[in-house]
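> Have a look at the structure that comes next, please.
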2 protein chains.
Amino acid sequence: MGNEDLSKEVARRIKKQKGDAMKVIIVGGVAGGASCAARLRRLDEKAEILMVERGPYVSYANCGLPYHIGGTIEKESSLLVATEQMFRVMFNVDCRTNCEVVGINAKQKTVDLKNHLTGEMTTEKYDKLLLSPGAAPIRPPLPGIDLPGIFSVRTVPDARKIREWLDRDIDRSVGNPFTGPDTVSKPKRAVVVGGGFIGLEMVENFVERGLEVTLIEKLNQVMPPLDKEMARLVERYLRRHGVQVELGDGVAGFRKSTDGALEVLTASGKAHPADIVILAIGVRPETTLAKMAGIEIGMLGGMRVDEHMRTSNPDIFAVGDAIEVKNFVTGQWALIPLAGPANRQGRIAADVIAGRDSKFRGTQGTSICKLFEAAIAQTGVSEKQLIELGDKDYEKVYLYPNSHAGYYPGTKLLIMKVLFRKSNGLLLGAQVLGEDGVPKRIDSFAMAIQLGGTIFDLEEAELCYAPPFGSGKDPVNFAGMVAANILRGDMPICHWDGTEKGFLLDVRNPQEIEAEAVPGAVNIPLPELRKRLGELPHDKEMLVICRSAVRAYFATRILMQNGFKARNISGGMLARSHRAM
Amino acid sequence: MGNEDLSKEVARRIKKQKGDAMKVIIVGGVAGGASCAARLRRLDEKAEILMVERGPYVSYANCGLPYHIGGTIEKESSLLVATEQMFRVMFNVDCRTNCEVVGINAKQKTVDLKNHLTGEMTTEKYDKLLLSPGAAPIRPPLPGIDLPGIFSVRTVPDARKIREWLDRDIDRSVGNPFTGPDTVSKPKRAVVVGGGFIGLEMVENFVERGLEVTLIEKLNQVMPPLDKEMARLVERYLRRHGVQVELGDGVAGFRKSTDGALEVLTASGKAHPADIVILAIGVRPETTLAKMAGIEIGMLGGMRVDEHMRTSNPDIFAVGDAIEVKNFVTGQWALIPLAGPANRQGRIAADVIAGRDSKFRGTQGTSICKLFEAAIAQTGVSEKQLIELGDKDYEKVYLYPNSHAGYYPGTKLLIMKVLFRKSNGLLLGAQVLGEDGVPKRIDSFAMAIQLGGTIFDLEEAELCYAPPFGSGKDPVNFAGMVAANILRGDMPICHWDGTEKGFLLDVRNPQEIEAEAVPGAVNIPLPELRKRLGELPHDKEMLVICRSAVRAYFATRILMQNGFKARNISGGMLARSHRAM
């Protein structure tokens with residue numbers, strides 16, 4: 001029995017069984033929609049569920065697309081997590097791919113469906129409608145945007161086209177009168193436009209495939225959820241992997257170059273040669289259907305829903321990348337196009353459609369991105385978000401602990417920025433980068449933020465420790481201890497911005513100073529400090545420097561208890577090395 | 001200046017500077033003692049701090065000893081995290097190694113010190129005394145216990161002796177009249193007695209060194225913090241790595257064998273040949289000094305302290321492996337010889353000695369152990385602890401999720417057991433085993449337990465996800481969802497114990513049944529279930545089986561909504577495979 005026949009058979013069977021059971025139509029069969037369909041069936045065996053997906057696949061792993069392009073995930077079929085067939089036989093869901101909702105009549109409670117394979121148009125009634133249309137890659141109307149070789153990465157067919165493009169031969173003789181024997185070659189230069197998650201994943205995967213990669217980013221940092229000084233480390237890391245990183249330069253257009261390839265033209269007037277271009281400058285919520293249905297759209301362009309995932313129309317629900325969600329740390333609306341929240345929203349919508357009282361608690365922006373050997377992760381709010389909100393009741397610390405016991409092989413430096421409330425110690429956000437142990441730490445921070453934990457809770461956290469996995473004082477404990485020292489007044493700190501006018505006291509050893517000195521700083525190595533206190537002025541506040549702010553903390557304590565005013569410069573020389581300037 | 005001279009000089013300088021500053025003596029210079037000394041100096045620049053350590057090293061990495069013996073940590077010097085010298089120059093602490101407290105006069109507030117290098121005896125007064133003597137490996141007075149080749153693993157010299165023993169040649173000709181040319185060889189057979197943390201780490205490291213290893217454990221499971229059925233997996237894993245695992249058999253004695261090596265004799269009458277024996281049957285709190293000082297000892301044999309780490313004598317504090325701590329989940333006293341809690345206790349004792357109000361919140365038993373490619377971790381309470389306490393208000397789930405997205409290479413099965421309150425969903429404990437992603441999950445559970453999180457919080461947790469690190473529904477979310485399904489009444493479950501009398505419905509596919517069938521179970525593959533409901537009895541409760549309890553959950557929902565009584569067998573065939581029997 002072919003898919004088409006089976007679909008009809010299932011639909012007939014459902015109708016026959018159900019009598020006047022509730023009919024739910026789900027638009028979009030990937031993360032949010034598929035989760036909703038499966039959950040709804042478990043809650044309501046009698047409901048008539050129709051799930052339509054415009055594309056050829058339901059429930060595919062769009063998060064895996066960059067790795068399929070790079071070759072880490074070899075088979076396209078690996079990306080197909082669940083099939084249309086599975087939704088039919090396992091969940092008794094009338095599942096139709098290549099089927100698009102082209103019209104909604106919210107008064108009549110009907111949708112118009114177009115079968116893209118046959119051209120057939122049908123109209124279906126619904127009792128409840130779930131919109132999970134996702135978000136579309138932004139493609140600005142720039143000159144040359146439609147030239148062959150410029151791709152977005154959103155669907156399985158996108159990935160297939162990119163792989164085919166990378167596998168084909170380019171004739172380099174076009175426009176070249178001196179044609180030699182070596183004029184045909186595979187694509188070897190890639191330009192990735194946009195330094196967010198997908199942009200960075202594509203950069204990595206192109207490098208893995210052996211391409212020369214240029215990353216162009218309009219903002220003056222990559223990875224927008226990070227604060228700028230943390231992004232500096234990512235940019236440095238990209239360059240160390242041979243990537244040409246161009247910040248603060250937007251794309252102005254594209255043109256065909258003389259050698260048959262492309263050129264990416266930027267606002268600053270540069271022309272970057274490219275055999276392939278990836279546009280990864282963000283996504284825009286798909287709201288065509290929402291507008292047809294007269295549903296409220298938020299300020300950020302996503303559908304507005306309440307905590308039950310209900311839109312402004314009580315019979316229409318929406319989930320996933322197409323909606324705005326509340327950041328529960330800031331209370332602000334946000335667009336969070338991530339799979340985890342989409343899945344949870346799908347479940348919640350199903351609960352509510354089935355008559356339950358489930359609520360979405362909002363999002364806290366937890367995310368992670370693999371980049372070569374490293375991981376880049378964050379949860380909660382960033383400092384720039386706090387600044388944007390005019391929130392001044394916060395402090396931050398920079399830390400550079402080992403990922404696990406220093407004496408056990410393979411330990412790597414973790415780079416951590418932790419934000420917390422100055423008034424009560426509430427944990428607000430964390431950013432963690434490193435080549436080992438990042439997920440362990442970001443999830444501890446994430447769980448603490450969710451449950452209203454403070455830096456005092458982090459100080460006392462009992463996290464798993466054995467030499468291959470951590471330290472007796474885990475980096476998360478360490479963050480709590482450092483932050484608690486600040487809030488208890490034991491360790492006043494400052495940050496590199498604004499240290500220019502202070503009295504700088506560097507307590508590192510002479511050989512460290514020789515390798516890198518801070519202009520104007522007085523050097524007294526920590527072991528000599530107690531003996532040489534007489535050399536220091538009592539009327540000035542000392543700003544104390546060491547490599548990672550540990551010895552400077554010890555020095556600050558000695559100074560304070562001897563009647564001096566002192567502050568530790570958070571993160572020491574390591575923080576200085578990636579200041580945002 | 002030699003160490004001795006420097007020590008005296010520092011002591012003189014401190015006395016001269018301090019006048020009548022508080023004098024604190026710290027007994028034991030490893031985790032708890034060293035943390036206390038460093039923290040106390042930061043809080044009180046004027047205090048006179050004397051830290052004495054019986055052994056030759058302070059602040060060494062005893063957690064790293066097995067890996068040094070195995071060769072993963074090559075240099076002994078790597079284990080010396082901080083030196084005597086460092087405590088003197090950085091912390092102005094009069095630090096003395098090879099120096100033992102041999103007497104305490106709690107009324108006079110003095111301690112008698114013996115310098116083991118010179119034999120010199122001195123008496124020192126204290127205002128506050130901190131006892132951090134640790135715990136000693138248990139060495140029962142068995143026949144042959146003092147034969148050469150039987151070692152404990154507690155100190156750097158222990159590790160050195162073991163390495164020397166392994167590197168030496170054994171003359172196999174002893175007692176063998178047919179001496180040939182190959183009678184001399186390196187040790188090749190190891191017997192490890194005791195299957196706890198150190199025992200397992202030693203097993204791994206001996207295997208890494210190429211030895212044949214036998215593990216003898218008196219209990220009927222390895223790794224006592226785990227429940228027995230979880231330990232089954234560890235035992236299977238050990239055997240798969242060539243380890244001979246002997247459970248439920250205690251050591252009765254040792255004797256020299258005819259080939260010059262040893263034999264380990266067991267209660268059951270077996271004799272295991274061994275070129276080296278490691279005794280890792282646990283540790284006993286060092287309480288000799290406590291008894292001298294007349295301090296209260298708890299039921300478990302450790303020093304009793306209050307939440308401020310104060311013993312029954314208000315001027316004497318105690319921390320580390322030598323004390324009993326409250327398990328804050330059960331409210332019971334426990335011995336937890338782990339580095340993390342010891343470090344935190346040392347800090348807290350320092351705070352209190354310095355006049356602050358810090359409290360130790362108790363322990364939750366978080367721990368992890370590397371074993372070959374795997375990690376074995378737990379936090380909170382185990383089921384056997386709950387049973388021991390007579391606590392019946394709990395439920396458990398078994399889960400077998402992927403460590404990260406199944407389509408991304410390198411994913412491994414995680415094996416999880418999660419315990420929670422039946423009445424309110426409070427998370428009680430978690431046990432996680434696997435070859436990938438264990439620390440990420442156990443720390444999420446640990447943080448949730450610390451902050452009073454419920455399984456409903458786990459359901460909604462926003463943990464980091466990208467294909468190499470997790471799944472849209474993280475295993476921690478998955479645990480929350482499964483548990484919440486139970487508590488909401490959506491999925492009644494049962495466990496393999498007691499299923500013998502039930503009506504077993506197996507919803508796996510025929511080829512799975514062919515590979516392994518459950519005797520007496522009726523098979524209806526899930527995709528056929530809706531059509532074949534008529535074959536099932538309405539008067540019996542169905543116990544539903546599949547591989548990992550996911551399809552059985554779907555089936556349970558179908559059955560319940562069609563008027564049948566049904567329960568999902570938690571963990572399915574995978575849980576069946578490691579039942580404790």
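Residue names in the structure tokens use chain letters A, B, ... in the order shown, residue numbers from 1 in each chain, and ligand numbers from 1 in the order shown.
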May I have all residues of range 339-565 of chain B that DSSP, computed from the backbone, assigns to strand (DSSP E), given as a VMD selection string?

chain B and resid 367 to 371 374 to 380 394 to 399 415 to 421 427 to 434 493 to 494 503 to 506 522 to 523 541 to 545 565

> Produce a table with one row for each residue of chain B that has an atom at most 6 Å from any atom of chain A, each row naming the nearest atom pair and its distance in Å at one decimal; use only C-alpha atoms; arrange rows by chain and rising residue number; format as CSV.


```
residue,atom,partner,partner_atom,distance
B:Arg42,CA,A:Arg557,CA,5.7
B:Ser78,CA,A:Tyr407,CA,5.4
B:Val89,CA,A:Pro527,CA,5.2
B:Met90,CA,A:Pro527,CA,5.3
B:Ala339,CA,A:Gly472,CA,5.4
B:Gly340,CA,A:Gly472,CA,4.2
B:Thr366,CA,A:Cys464,CA,5.5
B:Ser367,CA,A:Cys464,CA,4.9
B:Ile368,CA,A:Cys464,CA,5.5
B:Tyr407,CA,A:Ser78,CA,5.4
B:Pro439,CA,A:Lys440,CA,5.8
B:Lys440,CA,A:Lys440,CA,3.9
B:Asp443,CA,A:Leu463,CA,5.4
B:Ser444,CA,A:Ser444,CA,5.4
B:Leu463,CA,A:Asp443,CA,5.4
B:Cys464,CA,A:Ser367,CA,4.9
B:Tyr465,CA,A:Ile368,CA,6.0
B:Gly472,CA,A:Gly340,CA,4.2
B:Pro527,CA,A:Val89,CA,5.2
B:Arg557,CA,A:Arg42,CA,5.7
```

> Quote the spacing between CA of Asn115 in chain A and CA of Gly28 in chain A in Å to one decimal place.

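Separation of CA of Asn115 in chain A and CA of Gly28 in chain A: 14.1 Å.
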
> Would you compute the distance between CA of His538 in chain A and CA of Lys565 in chain A? Give it in Å to one decimal.

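Distance reported for this atom pair: 7.4 Å.
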
> Set the distance at 12 Å and use only C-alpha atoms: which residues neighbour Glu263 in chain A once local chain neighbours fewer than 5 positions away are removed? I'd like the list as a PDB file with N, CA and C atoms, in the first residue's frame.


```pdb
ATOM      1  N   PRO A 143      21.596  42.790  -4.188  1.00  0.00           N
ATOM      2  CA  PRO A 143      21.979  42.488  -5.577  1.00  0.00           C
ATOM      3  C   PRO A 143      22.670  41.125  -5.646  1.00  0.00           C
ATOM      4  N   GLY A 144      22.246  40.292  -6.555  1.00  0.00           N
ATOM      5  CA  GLY A 144      22.896  39.000  -6.766  1.00  0.00           C
ATOM      6  C   GLY A 144      22.480  37.897  -5.813  1.00  0.00           C
ATOM      7  N   ILE A 145      21.511  38.173  -4.938  1.00  0.00           N
ATOM      8  CA  ILE A 145      21.129  37.189  -3.913  1.00  0.00           C
ATOM      9  C   ILE A 145      20.655  35.879  -4.531  1.00  0.00           C
ATOM     10  N   LEU A 147      21.901  34.423  -7.226  1.00  0.00           N
ATOM     11  CA  LEU A 147      22.932  33.722  -8.002  1.00  0.00           C
ATOM     12  C   LEU A 147      23.085  32.288  -7.493  1.00  0.00           C
ATOM     13  N   PRO A 148      23.394  31.367  -8.395  1.00  0.00           N
ATOM     14  CA  PRO A 148      23.607  29.982  -7.935  1.00  0.00           C
ATOM     15  C   PRO A 148      24.808  29.927  -6.979  1.00  0.00           C
ATOM     16  N   GLY A 149      24.694  29.093  -5.949  1.00  0.00           N
ATOM     17  CA  GLY A 149      25.813  28.922  -5.009  1.00  0.00           C
ATOM     18  C   GLY A 149      25.605  29.638  -3.691  1.00  0.00           C
ATOM     19  N   ILE A 150      24.438  30.327  -3.554  1.00  0.00           N
ATOM     20  CA  ILE A 150      24.132  30.998  -2.290  1.00  0.00           C
ATOM     21  C   ILE A 150      23.019  30.214  -1.589  1.00  0.00           C
ATOM     22  N   ARG A 189      36.591  27.495  -1.634  1.00  0.00           N
ATOM     23  CA  ARG A 189      36.493  28.694  -0.786  1.00  0.00           C
ATOM     24  C   ARG A 189      35.039  28.914  -0.397  1.00  0.00           C
ATOM     25  N   ALA A 190      34.807  29.004   0.897  1.00  0.00           N
ATOM     26  CA  ALA A 190      33.438  29.227   1.379  1.00  0.00           C
ATOM     27  C   ALA A 190      33.369  30.555   2.107  1.00  0.00           C
ATOM     28  N   VAL A 191      32.276  31.264   1.900  1.00  0.00           N
ATOM     29  CA  VAL A 191      31.993  32.442   2.715  1.00  0.00           C
ATOM     30  C   VAL A 191      30.710  32.158   3.497  1.00  0.00           C
ATOM     31  N   THR A 214      35.772  32.034   5.050  1.00  0.00           N
ATOM     32  CA  THR A 214      35.688  33.408   5.532  1.00  0.00           C
ATOM     33  C   THR A 214      34.337  33.578   6.224  1.00  0.00           C
ATOM     34  N   VAL A 251      27.063  42.417   4.492  1.00  0.00           N
ATOM     35  CA  VAL A 251      27.109  42.039   3.079  1.00  0.00           C
ATOM     36  C   VAL A 251      26.283  43.034   2.274  1.00  0.00           C
ATOM     37  N   ALA A 252      26.870  43.537   1.176  1.00  0.00           N
ATOM     38  CA  ALA A 252      26.175  44.517   0.330  1.00  0.00           C
ATOM     39  C   ALA A 252      25.597  43.866  -0.919  1.00  0.00           C
ATOM     40  N   GLY A 253      26.178  42.756  -1.344  1.00  0.00           N
ATOM     41  CA  GLY A 253      25.680  42.091  -2.536  1.00  0.00           C
ATOM     42  C   GLY A 253      26.602  40.963  -2.961  1.00  0.00           C
ATOM     43  N   PHE A 254      26.231  40.362  -4.096  1.00  0.00           N
ATOM     44  CA  PHE A 254      26.989  39.216  -4.607  1.00  0.00           C
ATOM     45  C   PHE A 254      27.162  39.424  -6.109  1.00  0.00           C
ATOM     46  N   ARG A 255      28.300  38.972  -6.638  1.00  0.00           N
ATOM     47  CA  ARG A 255      28.421  38.983  -8.090  1.00  0.00           C
ATOM     48  C   ARG A 255      29.233  37.785  -8.542  1.00  0.00           C
ATOM     49  N   LYS A 256      29.062  37.477  -9.821  1.00  0.00           N
ATOM     50  CA  LYS A 256      29.801  36.381 -10.418  1.00  0.00           C
ATOM     51  C   LYS A 256      31.210  36.880 -10.684  1.00  0.00           C
ATOM     52  N   SER A 257      32.215  36.119 -10.283  1.00  0.00           N
ATOM     53  CA  SER A 257      33.592  36.572 -10.509  1.00  0.00           C
ATOM     54  C   SER A 257      34.096  36.037 -11.831  1.00  0.00           C
ATOM     55  N   THR A 258      35.226  36.529 -12.245  1.00  0.00           N
ATOM     56  CA  THR A 258      35.766  36.171 -13.557  1.00  0.00           C
ATOM     57  C   THR A 258      36.127  34.700 -13.644  1.00  0.00           C
ATOM     58  N   GLY A 269      33.328  47.727   1.226  1.00  0.00           N
ATOM     59  CA  GLY A 269      33.929  47.758  -0.098  1.00  0.00           C
ATOM     60  C   GLY A 269      34.810  46.570  -0.430  1.00  0.00           C
ATOM     61  N   LYS A 270      34.848  45.587   0.437  1.00  0.00           N
ATOM     62  CA  LYS A 270      35.674  44.411   0.141  1.00  0.00           C
ATOM     63  C   LYS A 270      34.932  43.445  -0.789  1.00  0.00           C
ATOM     64  N   ALA A 271      35.708  42.588  -1.463  1.00  0.00           N
ATOM     65  CA  ALA A 271      35.121  41.533  -2.301  1.00  0.00           C
ATOM     66  C   ALA A 271      35.773  40.213  -1.902  1.00  0.00           C
ATOM     67  N   HIS A 272      34.976  39.307  -1.318  1.00  0.00           N
ATOM     68  CA  HIS A 272      35.516  38.018  -0.863  1.00  0.00           C
ATOM     69  C   HIS A 272      35.144  36.940  -1.875  1.00  0.00           C
ATOM     70  N   PRO A 273      36.158  36.311  -2.498  1.00  0.00           N
ATOM     71  CA  PRO A 273      35.859  35.242  -3.460  1.00  0.00           C
ATOM     72  C   PRO A 273      35.263  34.029  -2.749  1.00  0.00           C
ATOM     73  N   ALA A 274      34.328  33.377  -3.429  1.00  0.00           N
ATOM     74  CA  ALA A 274      33.638  32.248  -2.798  1.00  0.00           C
ATOM     75  C   ALA A 274      33.150  31.281  -3.851  1.00  0.00           C
ATOM     76  N   ASP A 275      33.398  29.990  -3.599  1.00  0.00           N
ATOM     77  CA  ASP A 275      32.796  28.969  -4.452  1.00  0.00           C
ATOM     78  C   ASP A 275      31.433  28.564  -3.914  1.00  0.00           C
ATOM     79  N   ILE A 276      31.211  28.898  -2.648  1.00  0.00           N
ATOM     80  CA  ILE A 276      29.899  28.657  -2.050  1.00  0.00           C
ATOM     81  C   ILE A 276      29.677  29.714  -0.959  1.00  0.00           C
ATOM     82  N   VAL A 277      28.426  30.136  -0.847  1.00  0.00           N
ATOM     83  CA  VAL A 277      28.076  31.121   0.186  1.00  0.00           C
ATOM     84  C   VAL A 277      26.939  30.561   1.022  1.00  0.00           C
TER      85      VAL A 277
END
```

> Report as a PyMOL selection string: the residues of range 198-341 of chain A with a DSSP assignment of helix (DSSP H, G or I), based on the backbone of this structure.

chain A and resi 198-208+228-240+288-292+320-322+339-341

> Find the distance between CA of Phe328 in chain B and CA of Val381 in chain B and write it in Å to one decimal.

9.7 Å

> What's the 9 Å shell around range 513-519 of chain A, counting only C-alpha atoms, without same-chain residues fewer than 4 positions away, as a list in words?

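Near range 513-519 of chain A, the qualifying residues are Leu504, Asp506, Arg508, Asn509, Asn523, Ile545 and Met573 of chain A.
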
> Give me the residues near range 117-133 of chain B as number ranges by chain, where near means some atom within 7 Å (using only C-alpha atoms) and where sequence neighbours in that chain fewer than 2 positions away do not count.

B: 22-28, 32-33, 98, 109-115, 135, 286, 315-320, 322
